[in-house]
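See structure below.
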Amino acid sequence: MSKSKPAARLGVTVRCAIYTRKSTEEGLDQDFNSLDAQREAGEAYIASQAGEGWTPVLMRYDDGGFTGGNMERPALQRLQADIQAGKVDCVVVYKVDRLSRSLLDFAKLIETFEKYKVAFVSVTQQFNTANSMGRLVLNVLLSFAQFEREIISERGRRLRS
């Protein structure tokens, strides 16, 4: 896995996008809801990394009422477009399952992050690809994702024969 941009060491700002998701719309009309709580946790984490040059981007990436079982979510699509446009250096989530509940989709997202040298941080799970331990954990997870893809492929071949 490639390392994230060494932006902070060069005195450059690390632009951090906070992605939030809640599966149902229940409670989203409240003044302070689950998406707000996730955002606050992400902002606090980014603030704790200010010495490394981390700063939150102004764009909100909030998917309220969308499942994590697929990637058909408007804010996630905007986030991916902004990553591809070079507007984001790091994606911060409250928990990994806020980004995706599908291991295969998660692996695809991480491939995109790697391609554009974007770090990934899960605030509550000590998961941060900006450091070597986080990249190791990610590689282990992606190994299991690859294993899952191979098992599915083998089952398909057995069913067809």
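Ligands are numbered from 1 in the order shown, chains are lettered A, B, ... in the order of the structure tokens, and residues start at 1 in each chain.
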Discussion item. Set the distance at 7 Å and use only C-alpha atoms: which residues neighbour Ser122 of chain A once local chain neighbours fewer than 2 positions away are removed? I'd like the list as a VMD selection string.
Written reply: chain A and resid 92 to 96 120 124 to 128
Would you kindly return, as a PDB file with C-alpha atoms, in the first residue's frame, each protein, DNA or RNA residue with an atom no farther than 9 Å from any atom of Cys16 of chain A, considering only C-alpha atoms and excluding same-chain residues fewer than 6 positions away?
```
ATOM      1  CA  ILE A  46      -8.854  16.494  12.918  1.00  0.00           C
ATOM      2  CA  TRP A  54      -4.786  18.628   9.260  1.00  0.00           C
ATOM      3  CA  THR A  55      -7.815  20.829   8.599  1.00  0.00           C
ATOM      4  CA  PRO A  56     -11.432  19.955   7.731  1.00  0.00           C
ATOM      5  CA  VAL A  57     -12.759  20.788   4.280  1.00  0.00           C
ATOM      6  CA  VAL A  88      -9.171  15.891  -0.501  1.00  0.00           C
ATOM      7  CA  ASP A  89      -6.039  14.454   1.166  1.00  0.00           C
ATOM      8  CA  CYS A  90      -7.692  12.425   3.938  1.00  0.00           C
ATOM      9  CA  VAL A  91     -11.129  10.876   4.571  1.00  0.00           C
ATOM     10  CA  VAL A  92     -12.275  10.736   8.197  1.00  0.00           C
ATOM     11  CA  ALA A 119      -5.336   8.688   3.735  1.00  0.00           C
TER      12      ALA A 119
END
```
With a cut-off of 10 Å, could you pull out the residues of segment 50-81 of chain A touching segment 103-111 of chain A and give me the nearest pair of atoms for each, distance in Å to one decimal, using only C-alpha atoms, ordered by chain and ascending number, as CSV?
```
residue,atom,partner,partner_atom,distance
A:Gly68,CA,A:Asp105,CA,9.4
A:Gly69,CA,A:Asp105,CA,8.3
A:Asn70,CA,A:Asp105,CA,7.0
A:Met71,CA,A:Asp105,CA,7.0
A:Leu76,CA,A:Leu109,CA,9.9
A:Gln80,CA,A:Leu109,CA,8.4
```
Saved selection, atoms kept: N, CA and C atoms, as a PDB file, in the first residue's frame:
```pdb
ATOM      1  N   GLY A  68     -25.411   1.334   3.915  1.00  0.00           N
ATOM      2  CA  GLY A  68     -23.984   1.189   3.666  1.00  0.00           C
ATOM      3  C   GLY A  68     -23.692  -0.043   2.840  1.00  0.00           C
ATOM      4  N   GLY A  69     -24.753  -0.735   2.388  1.00  0.00           N
ATOM      5  CA  GLY A  69     -24.589  -1.974   1.644  1.00  0.00           C
ATOM      6  C   GLY A  69     -24.269  -1.797   0.172  1.00  0.00           C
ATOM      7  N   ASN A  70     -24.340  -0.553  -0.311  1.00  0.00           N
ATOM      8  CA  ASN A  70     -23.946  -0.288  -1.699  1.00  0.00           C
ATOM      9  C   ASN A  70     -23.313   1.098  -1.766  1.00  0.00           C
ATOM     10  N   MET A  71     -22.863   1.478  -2.937  1.00  0.00           N
ATOM     11  CA  MET A  71     -22.179   2.763  -3.072  1.00  0.00           C
ATOM     12  C   MET A  71     -23.047   3.817  -3.748  1.00  0.00           C
ATOM     13  N   LEU A  76     -21.421  10.215  -0.932  1.00  0.00           N
ATOM     14  CA  LEU A  76     -20.265   9.363  -1.229  1.00  0.00           C
ATOM     15  C   LEU A  76     -19.804   9.596  -2.663  1.00  0.00           C
ATOM     16  N   GLN A  80     -16.130  11.005  -3.747  1.00  0.00           N
ATOM     17  CA  GLN A  80     -15.246  10.358  -4.724  1.00  0.00           C
ATOM     18  C   GLN A  80     -14.851  11.321  -5.840  1.00  0.00           C
TER      19      GLN A  80
END
```
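Using only C-alpha atoms, the shortest contact distance between Ala41 of chain A and any of A:Tyr61, A:Tyr116, A:Gln84, A:Val123 is found at A:Val123.
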